[in-house]
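A short write-up of the structure that comes next.
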Amino acid sequence: MVKGRQGERVRSKSNQYPNTSLVQIEGVNTKEEVSWYQGKRVAYIYKAKVKVKGSHYRCIWGKVIRPHGNTGIVRAKFTSNLPPKSMGSRVRVMMFPSNI
Amino acid sequence: MAPSTKTKVSRNPDLIRGVGKYSRSQMYHKRGLWAIKAKNGGVFPRHDAKPAAAEPVVKPPKYYPADDVKKPLANKRKARPTKLRASITPGTVLIILSGRFKGKRVVFLKQLASGLLLVTGPFKINGVPLRRVNQAYVIATSTKVDIAGVNVEKFDDKYFAKEVAKKNKKGEGEFFEAEKDEKKTLPAAKKEDQQGVDAVLLKSIECVPDLKTYLSARFSLMSGMKPHELVF
């Protein structure tokens with residue numbers, strides 16, 4: 001998996017749209033490079049005090065939808081909106097579903 | 001004799017769409033209707049309707065539904081296996097991307113009817129048994145292994161189906177003992193199948209220098225590696 005940082009929501013000046021998050025993938029710097037990642041699944045992994053299914057770790061899955069702008073930032077949609085405390089946190093971009 | 005259905009070709013070529021080259025009387029002559037009539041004594045042959053077979057007596061139904069019952073639309077879809085990527089051919093080394101064997105390099109054998117890919121480690125090299133993998137969770141490398149001589153005919157989706165647990169009615173006392181005894185061991189037949197396939201593969205793998213160590217090593221992304229720039 002590739003490392004990425006997520007945080008900002010898609011927004012205009014005074015309104016934000018929390019259903020889509022912006023993800024910065026390491027090593028991706030142009031809009032053309034994003035095409036490889038389109039459709040790839042993204043996982044936001046976090047810890048919680050209460051054990052769910054035997055683990056303290058929990059995951060919100062999502063996928064890369066499209067590029068955002070010209071410099072390699074990517075829009076990602078998750079199964080449920082990412083919590084605001086996760087802004088700036090690590091996100092894992094998987095290499096599947098693969099097309100190679 | 002099988003009836004040959006030839007596509008009907010018109011003897012009247014189009015000058016423009018909707019306008020034929022020949023007139024009605026010319027077409028009459030071309031089609032040979034005059035010859036058919038002459039054969040039949042001046043009259044066009046007429047076939048009487050065949051006598052209908054005696055239909056069995058059907059009682060009128062006692063019950064008619066009050067409202068019109070809608071018929072579901074006919075579904076003419078055919079199930080087909082997923083289209084195989086051009087980069088995946090029998091003998092290609094694949095990298096498995098997720099699941100228990102993520103990162104393992106594995107040899108592709110064939111595509112099954114369900115669309116899943118049949119794959120093997122080989123087991124001795126990297127611990128991956130004969131297994132099914134989804135095409136989307138796999139990266140095809142350009143490395144190929146020669147799998148001529150490997151017999152994969154007998155493997156299909158049914159081979160991998162889970163065995164249905166038999167429902168045993170047991171008394172309470174026996175119940176707890178029986179649960180301990182049930183251990184899932186791989187049937188010997190499957191182990192033999194694995195060895196049969198792998199034996200041939202191992203020979204062709206050992207012919208190529210470094211291929212064995214390549215297959216036993218896992219794939220991983222190192223620092224600075226960008227997957228979108230990698231050539232697999």
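Chain lettering (A, B, ...) mirrors the order of the structure tokens, residue numbering begins at 1 for each chain separately, and ligand numbering begins at 1 in order of display.
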
Sorted per-residue table, chain A near chain B, closest atoms and distance, 10 Å, only C-alpha atoms, as JSON lines:
{"residue": "A:Met1", "atom": "CA", "partner": "B:Leu221", "partner_atom": "CA", "distance": 7.4}
{"residue": "A:Val2", "atom": "CA", "partner": "B:Leu221", "partner_atom": "CA", "distance": 7.9}
{"residue": "A:Glu26", "atom": "CA", "partner": "B:Lys226", "partner_atom": "CA", "distance": 8.2}
{"residue": "A:Gly27", "atom": "CA", "partner": "B:Lys226", "partner_atom": "CA", "distance": 6.3}
{"residue": "A:Val28", "atom": "CA", "partner": "B:Lys226", "partner_atom": "CA", "distance": 8.0}
{"residue": "A:Glu33", "atom": "CA", "partner": "B:His228", "partner_atom": "CA", "distance": 6.7}
{"residue": "A:Val34", "atom": "CA", "partner": "B:His228", "partner_atom": "CA", "distance": 8.2}
{"residue": "A:Ser35", "atom": "CA", "partner": "B:His228", "partner_atom": "CA", "distance": 8.7}
{"residue": "A:Trp36", "atom": "CA", "partner": "B:His228", "partner_atom": "CA", "distance": 5.7}
{"residue": "A:Tyr37", "atom": "CA", "partner": "B:His228", "partner_atom": "CA", "distance": 7.6}
{"residue": "A:Met94", "atom": "CA", "partner": "B:Leu97", "partner_atom": "CA", "distance": 8.5}
{"residue": "A:Met95", "atom": "CA", "partner": "B:Leu97", "partner_atom": "CA", "distance": 6.9}
{"residue": "A:Phe96", "atom": "CA", "partner": "B:Tyr137", "partner_atom": "CA", "distance": 5.4}
{"residue": "A:Pro97", "atom": "CA", "partner": "B:Ala136", "partner_atom": "CA", "distance": 4.6}
{"residue": "A:Ser98", "atom": "CA", "partner": "B:Ala136", "partner_atom": "CA", "distance": 5.0}
{"residue": "A:Asn99", "atom": "CA", "partner": "B:Ala136", "partner_atom": "CA", "distance": 6.8}
{"residue": "A:Ile100", "atom": "CA", "partner": "B:Ile139", "partner_atom": "CA", "distance": 5.5}

Atoms kept (all heavy atoms) for selection, written as a tab-separated table (two decimals), in the first residue's frame:
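The result, stored in result_39.tsv:
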chain	number	residue	atom	x	y	z
A	1	MET	N	0.83	-1.19	0.00
A	1	MET	CA	0.00	0.00	0.00
A	1	MET	C	0.86	1.24	0.00
A	1	MET	O	2.02	1.20	0.39
A	1	MET	CB	-0.96	-0.02	1.19
A	1	MET	CG	-0.25	-0.18	2.39
A	1	MET	SD	-0.13	0.59	3.89
A	1	MET	CE	1.34	1.49	3.72
A	2	VAL	N	0.26	2.28	-0.46
A	2	VAL	CA	0.99	3.54	-0.56
A	2	VAL	C	0.51	4.43	0.57
A	2	VAL	O	-0.65	4.43	0.93
A	2	VAL	CB	0.72	4.22	-1.91
A	2	VAL	CG1	1.61	5.41	-2.09
A	2	VAL	CG2	0.93	3.22	-3.03
A	26	GLU	N	1.68	10.06	-1.26
A	26	GLU	CA	3.12	10.33	-1.35
A	26	GLU	C	3.65	9.97	-2.72
A	26	GLU	O	3.40	8.89	-3.24
A	26	GLU	CB	3.87	9.51	-0.30
A	26	GLU	CG	3.79	10.13	1.06
A	26	GLU	CD	4.61	9.35	2.07
A	26	GLU	OE1	5.46	8.54	1.66
A	26	GLU	OE2	4.38	9.57	3.27
A	27	GLY	N	4.42	10.86	-3.28
A	27	GLY	CA	5.07	10.56	-4.55
A	27	GLY	C	4.23	10.89	-5.76
A	27	GLY	O	4.67	10.70	-6.89
A	28	VAL	N	3.01	11.35	-5.54
A	28	VAL	CA	2.16	11.68	-6.68
A	28	VAL	C	2.06	13.19	-6.75
A	28	VAL	O	1.58	13.82	-5.82
A	28	VAL	CB	0.75	11.08	-6.50
A	28	VAL	CG1	-0.12	11.42	-7.67
A	28	VAL	CG2	0.86	9.58	-6.32
A	33	GLU	N	-0.38	11.57	-13.06
A	33	GLU	CA	0.04	10.42	-12.27
A	33	GLU	C	-1.11	9.83	-11.48
A	33	GLU	O	-1.10	8.67	-11.08
A	33	GLU	CB	1.16	10.82	-11.31
A	33	GLU	CG	2.46	11.15	-12.02
A	33	GLU	CD	3.50	11.72	-11.07
A	33	GLU	OE1	3.24	11.79	-9.85
A	33	GLU	OE2	4.57	12.11	-11.56
A	34	VAL	N	-2.15	10.64	-11.24
A	34	VAL	CA	-3.28	10.18	-10.43
A	34	VAL	C	-4.07	9.10	-11.15
A	34	VAL	O	-4.70	8.26	-10.52
A	34	VAL	CB	-4.20	11.37	-10.08
A	34	VAL	CG1	-5.48	10.90	-9.45
A	34	VAL	CG2	-3.49	12.33	-9.17
A	35	SER	N	-4.02	9.07	-12.48
A	35	SER	CA	-4.86	8.12	-13.22
A	35	SER	C	-4.57	6.68	-12.81
A	35	SER	O	-5.46	5.83	-12.84
A	35	SER	CB	-4.66	8.30	-14.72
A	35	SER	OG	-3.34	7.98	-15.06
A	36	TRP	N	-3.34	6.39	-12.42
A	36	TRP	CA	-3.03	5.03	-11.97
A	36	TRP	C	-3.83	4.68	-10.72
A	36	TRP	O	-4.23	3.55	-10.49
A	36	TRP	CB	-1.53	4.92	-11.69
A	36	TRP	CG	-1.05	3.52	-11.49
A	36	TRP	CD1	-0.55	2.68	-12.42
A	36	TRP	CD2	-1.01	2.82	-10.24
A	36	TRP	NE1	-0.22	1.48	-11.83
A	36	TRP	CE2	-0.49	1.54	-10.50
A	36	TRP	CE3	-1.39	3.14	-8.92
A	36	TRP	CZ2	-0.30	0.57	-9.51
A	36	TRP	CZ3	-1.21	2.18	-7.93
A	36	TRP	CH2	-0.68	0.91	-8.23
A	37	TYR	N	-4.03	5.68	-9.86
A	37	TYR	CA	-4.66	5.42	-8.57
A	37	TYR	C	-6.17	5.48	-8.60
A	37	TYR	O	-6.81	5.15	-7.60
A	37	TYR	CB	-4.16	6.45	-7.55
A	37	TYR	CG	-2.69	6.29	-7.25
A	37	TYR	CD1	-1.74	6.95	-7.99
A	37	TYR	CD2	-2.26	5.44	-6.24
A	37	TYR	CE1	-0.40	6.79	-7.75
A	37	TYR	CE2	-0.93	5.27	-5.99
A	37	TYR	CZ	0.00	5.94	-6.75
A	37	TYR	OH	1.33	5.78	-6.50
A	94	MET	N	-4.40	1.43	-1.22
A	94	MET	CA	-4.06	0.06	-1.60
A	94	MET	C	-3.76	-0.03	-3.09
A	94	MET	O	-4.05	0.88	-3.85
A	94	MET	CB	-5.22	-0.88	-1.27
A	94	MET	CG	-5.61	-0.85	0.18
A	94	MET	SD	-4.23	-1.33	1.21
A	94	MET	CE	-4.92	-1.20	2.83
A	95	MET	N	-3.17	-1.14	-3.48
A	95	MET	CA	-2.85	-1.31	-4.89
A	95	MET	C	-3.94	-2.09	-5.62
A	95	MET	O	-3.81	-2.41	-6.80
A	95	MET	CB	-1.52	-2.04	-5.04
A	95	MET	CG	-0.38	-1.15	-4.60
A	95	MET	SD	1.18	-1.99	-4.54
A	95	MET	CE	1.58	-2.16	-6.24
A	96	PHE	N	-5.02	-2.43	-4.91
A	96	PHE	CA	-6.12	-3.11	-5.58
A	96	PHE	C	-7.32	-2.20	-5.60
A	96	PHE	O	-7.42	-1.31	-4.77
A	96	PHE	CB	-6.45	-4.43	-4.87
A	96	PHE	CG	-6.70	-4.32	-3.40
A	96	PHE	CD1	-7.92	-3.91	-2.89
A	96	PHE	CD2	-5.67	-4.62	-2.51
A	96	PHE	CE1	-8.13	-3.82	-1.52
A	96	PHE	CE2	-5.88	-4.52	-1.14
A	96	PHE	CZ	-7.10	-4.13	-0.65
A	97	PRO	N	-8.31	-2.38	-6.47
A	97	PRO	CA	-8.40	-3.30	-7.61
A	97	PRO	C	-7.39	-2.96	-8.69
A	97	PRO	O	-7.28	-1.82	-9.10
A	97	PRO	CB	-9.82	-3.08	-8.15
A	97	PRO	CG	-10.51	-2.23	-7.18
A	97	PRO	CD	-9.50	-1.56	-6.34
A	98	SER	N	-6.66	-3.97	-9.10
A	98	SER	CA	-5.53	-3.68	-9.98
A	98	SER	C	-5.91	-3.86	-11.43
A	98	SER	O	-6.77	-4.65	-11.77
A	98	SER	CB	-4.37	-4.60	-9.59
A	98	SER	OG	-3.79	-5.13	-10.72
A	99	ASN	N	-5.24	-3.12	-12.26
A	99	ASN	CA	-5.53	-3.19	-13.68
A	99	ASN	C	-4.27	-3.50	-14.49
A	99	ASN	O	-4.22	-3.29	-15.69
A	99	ASN	CB	-6.11	-1.85	-14.14
A	99	ASN	CG	-6.76	-1.96	-15.48
A	99	ASN	OD1	-7.21	-3.01	-15.87
A	99	ASN	ND2	-6.75	-0.86	-16.21
A	100	ILE	N	-3.22	-4.00	-13.81
A	100	ILE	CA	-1.96	-4.22	-14.53
A	100	ILE	C	-1.94	-5.66	-15.03
A	100	ILE	O	-2.21	-6.57	-14.26
A	100	ILE	CB	-0.77	-3.98	-13.61
A	100	ILE	CG1	-0.92	-2.61	-12.96
A	100	ILE	CG2	0.52	-4.05	-14.38
A	100	ILE	CD1	0.11	-2.35	-11.90

- DSSP on the backbone: what in region 25-83 of chain A comes out alpha helix (DSSP H), as a ChimeraX atom specification? /A:31-34

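Restricting the calculation to only C-alpha atoms, the smallest distance between Gly39 (chain A) and any of A:Pro83, A:Gly7, A:Gly69, A:Gly62 is found for A:Gly62.
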
- Message: as number ranges by chain, please: every residue in region 12-226 of chain B that a backbone DSSP assignment puts in strand (DSSP E or B).
- Response: B: 14-16, 19-20, 92-96, 104-111, 117-120, 131-133, 138-144, 218

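With only C-alpha atoms as the atoms that count, the residue of A:Asn29, A:Lys63, A:Leu82, A:Glu8 with the shortest distance to Ile45 (chain A) is A:Leu82.
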
- Message: At a cut-off of 9 Å, using only C-alpha atoms, what residues contact Gln111 (chain B)? Leave out same-chain residues fewer than 3 positions from it and give the result as a PyMOL selection string.
- Response: chain B and resi 81+84+90+108+114-119+132

- Message: Just the number, please: distance in Å from CA of Glu153 (chain B) to CA of Ala199 (chain B), one decimal.
- Response: 16.0 Å

Mind checking which residues fall within 6 Å of Arg75 (chain A), counting only C-alpha atoms, ignoring those fewer than 5 positions away in the same chain, and posting them as a tab-separated table (two decimals) with N, CA and C atoms, in the first residue's frame?
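Once written, selection28.tsv looks like this:
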chain	number	residue	atom	x	y	z
A	21	SER	N	-13.36	13.50	0.82
A	21	SER	CA	-12.15	14.00	1.45
A	21	SER	C	-11.05	14.13	0.42
A	22	LEU	N	-10.11	14.98	0.74
A	22	LEU	CA	-8.95	15.12	-0.13
A	22	LEU	C	-7.80	14.31	0.46
A	64	VAL	N	-10.44	5.97	-4.21
A	64	VAL	CA	-10.00	7.17	-4.91
A	64	VAL	C	-10.95	7.40	-6.07
A	65	ILE	N	-11.48	8.60	-6.14
A	65	ILE	CA	-12.45	8.87	-7.21
A	65	ILE	C	-11.83	9.57	-8.39
A	66	ARG	N	-11.18	10.69	-8.14
A	66	ARG	CA	-10.71	11.54	-9.23
A	66	ARG	C	-9.62	12.45	-8.71
A	67	PRO	N	-8.88	13.05	-9.62
A	67	PRO	CA	-7.89	14.01	-9.14
A	67	PRO	C	-8.57	15.29	-8.67
A	68	HIS	N	-7.84	16.00	-7.86
A	68	HIS	CA	-8.36	17.29	-7.39
A	68	HIS	C	-7.30	18.32	-7.70

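Distance-wise, CA of Lys110 (chain B) and CA of Lys76 (chain B) end up 27.5 Å apart.
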
- Message: At a cut-off of 12 Å, using only C-alpha atoms, what residues contact Pro209 (chain B)? Leave out same-chain residues fewer than 6 positions from it and give the result as a list of chain:residue names.
- Response: B:Val145, B:Lys203, B:Leu215

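Here the question is which of B:Ser216, B:Thr82, B:Thr89, B:Ser142 gets nearest to Ala113 (chain B) using only C-alpha atoms, and that residue is B:Thr82.
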